[in-house]
Amino acid sequence: WSQQMPRTGSCNSRRRNWPRARNMKLIKNQMIMPSPSGVFLFASLFFTSINSANAFNLPSFPNIFKPATENQPGNVVTKRKEELLKAISNTSNGKNASPETQVNVLSIVGELERTNPPSEELLSDASVAKDLDGVWYLQYTSPSEIEDAQNVWKPEFATEGEANIETGKFNQKGAISAQGIKVDTSNRVVKQIFDVSQSTVSNEISLDSGVLLQVGGTFRPSNNVARRAVVSFKDLNIVFKEKNDFTLRLGFIFLLLSIFRGTEEIGWLETTFLSDDLRVGRGNKGTMFVLTRDFDAVQA
């Protein structure tokens, strides 16, 4: 302190200031290491003076811990999925869906497709493909044409594959078709099983009297649309569960058709929306499919 004192003036002047200096040093030390009681006393006086005198206003800070709202992207997707599952319930896989229901379903599906498209590496990256792999249950099929023209899906590069597979028209509800083989899927358990690592896809349909119909084959990623699988059906099996799983193998039908057509590629399936529990697909027949991981996710 004495080194900071001005050199002008008398020695008595410096001595008179010395007690003041010691008090300032003492105050400084007390502020560095305050006692708990001093802290509470200081805080009480501080906020009391603010509230009583309105000396200044504390700045407002943005609330960075706002609770989730229904307008956040994740919640919007969840809400739309719930609306979709509710809309397709009690329609017998779409067979009993009214025109109004079909319009509503396609509207919800269209929003999910536009706002949440799957990764373009869905069929090429194993870490992404795991979301597609495994068993899916078919819950709803929609015909390619309904009264509401605004919801018509227009695929990119509709012509696909070695045989120029084109998008066709399949106007039945609650049914699927492969190479002219049409199966009513209403009130039936229909599984679709993907194995991206093995490039295989298969469909299993539980028919009456313990009969299981299996249709499957291989696929390759499209050169035009990364999320599209170009399918070559090779297997057609009819399994009689009540006859010790006796299997009637009719895959030669697809073989004969491939010879006639000059290629094994006979269709394509594009995944247009995918989450951990719900998937939407579009086929070259113009049909839209809704599938879930949980069979009971939709009321039959």
# chains A, B, ... in the order shown; residues from 1 in each chain; ligands from 1

$ closest_atom_pairs --of "range 204-227 of chain A" --to "range 258-272 of chain A" --cutoff "9 Å" --atoms "only C-alpha atoms" --output "CSV"
residue,atom,partner,partner_atom,distance
A:Phe219,CA,A:Glu265,CA,8.4
A:Ser222,CA,A:Trp268,CA,8.6
A:Val225,CA,A:Glu270,CA,8.2
A:Ala226,CA,A:Glu270,CA,8.8
A:Arg227,CA,A:Glu270,CA,5.8

$ write_last_selection --atoms "N, CA and C atoms" --output "PDB file, in the first residue's frame"
ATOM      1  N   PHE A 219     -34.049 -59.435 -54.636  1.00  0.00           N
ATOM      2  CA  PHE A 219     -34.230 -58.066 -55.132  1.00  0.00           C
ATOM      3  C   PHE A 219     -32.872 -57.389 -55.260  1.00  0.00           C
ATOM      4  N   SER A 222     -32.754 -50.326 -56.969  1.00  0.00           N
ATOM      5  CA  SER A 222     -32.975 -49.675 -58.259  1.00  0.00           C
ATOM      6  C   SER A 222     -31.827 -48.738 -58.599  1.00  0.00           C
ATOM      7  N   VAL A 225     -34.091 -45.117 -58.277  1.00  0.00           N
ATOM      8  CA  VAL A 225     -34.632 -44.683 -56.991  1.00  0.00           C
ATOM      9  C   VAL A 225     -34.001 -45.551 -55.912  1.00  0.00           C
ATOM     10  N   ALA A 226     -33.192 -44.948 -55.051  1.00  0.00           N
ATOM     11  CA  ALA A 226     -32.375 -45.711 -54.093  1.00  0.00           C
ATOM     12  C   ALA A 226     -33.208 -46.528 -53.123  1.00  0.00           C
ATOM     13  N   ARG A 227     -34.412 -46.073 -52.800  1.00  0.00           N
ATOM     14  CA  ARG A 227     -35.249 -46.769 -51.812  1.00  0.00           C
ATOM     15  C   ARG A 227     -36.163 -47.823 -52.454  1.00  0.00           C
TER      16      ARG A 227
END

$ select_by_dssp --residues "range 175-236 of chain A" --states "strand (DSSP E or B)" --output "NGL selection string"
:A and (175-178 or 181-184 or 190-195 or 200-206 or 211-221 or 228-236)

$ closest_residue --among "A:Ser186, A:Asn224, A:Gln139, A:Gln214" --to "Lys95 in chain A" --atoms "only C-alpha atoms"
A:Ser186

$ residues_around --residues "Leu291 in chain A" --least-positions-apart "3" --cutoff "7 Å" --atoms "only C-alpha atoms" --output "MDAnalysis selection string"
chainID A and resid 136:139 278:280

$ write_last_selection --atoms "C-alpha atoms" --output "PDB file, in the first residue's frame"
ATOM      1  CA  TRP A 136     -43.772 -56.766 -41.054  1.00  0.00           C
ATOM      2  CA  TYR A 137     -47.540 -57.335 -40.906  1.00  0.00           C
ATOM      3  CA  LEU A 138     -49.674 -56.034 -43.742  1.00  0.00           C
ATOM      4  CA  GLN A 139     -52.523 -53.947 -42.305  1.00  0.00           C
ATOM      5  CA  LEU A 278     -44.640 -48.531 -39.120  1.00  0.00           C
ATOM      6  CA  ARG A 279     -43.799 -48.708 -42.813  1.00  0.00           C
ATOM      7  CA  VAL A 280     -45.471 -47.431 -45.964  1.00  0.00           C
TER       8      VAL A 280
END

$ atom_distance --atom1 "CA of Gln198 in chain A" --atom2 "CA of Val128 in chain A"
14.7 Å

$ select_by_dssp --residues "range 78-131 of chain A" --states "alpha helix (DSSP H)" --output "number ranges by chain"
A: 78-88, 99-115, 126-129

$ closest_residue --among "A:Ile253, A:Ala300, A:Leu207, A:Ser107" --to "Ser92 in chain A" --atoms "only C-alpha atoms"
A:Ala300

$ residues_around --residues "Val105 in chain A" --least-positions-apart "5" --cutoff "12 Å" --atoms "only C-alpha atoms" --output "MDAnalysis selection string"
chainID A and resid 80:89 91 94 97:100 110:112 140:143 146 148 151 280 288:290

$ atom_distance --atom1 "CA of Asp131 in chain A" --atom2 "CA of Leu213 in chain A"
25.4 Å

$ closest_residue --among "A:Val239, A:Leu257, A:Val103, A:Asp277" --to "Asp294 in chain A" --atoms "only C-alpha atoms"
A:Asp277

$ closest_residue --among "A:Leu106, A:Val77, A:Ala229, A:Val196" --to "Ser127 in chain A" --atoms "only C-alpha atoms"
A:Val196

$ atom_distance --atom1 "CA of Phe254 in chain A" --atom2 "CA of Thr218 in chain A"
12.4 Å

$ closest_residue --among "A:Phe295, A:Phe233, A:Phe273, A:Phe194" --to "Gly251 in chain A" --atoms "only C-alpha atoms"
A:Phe233
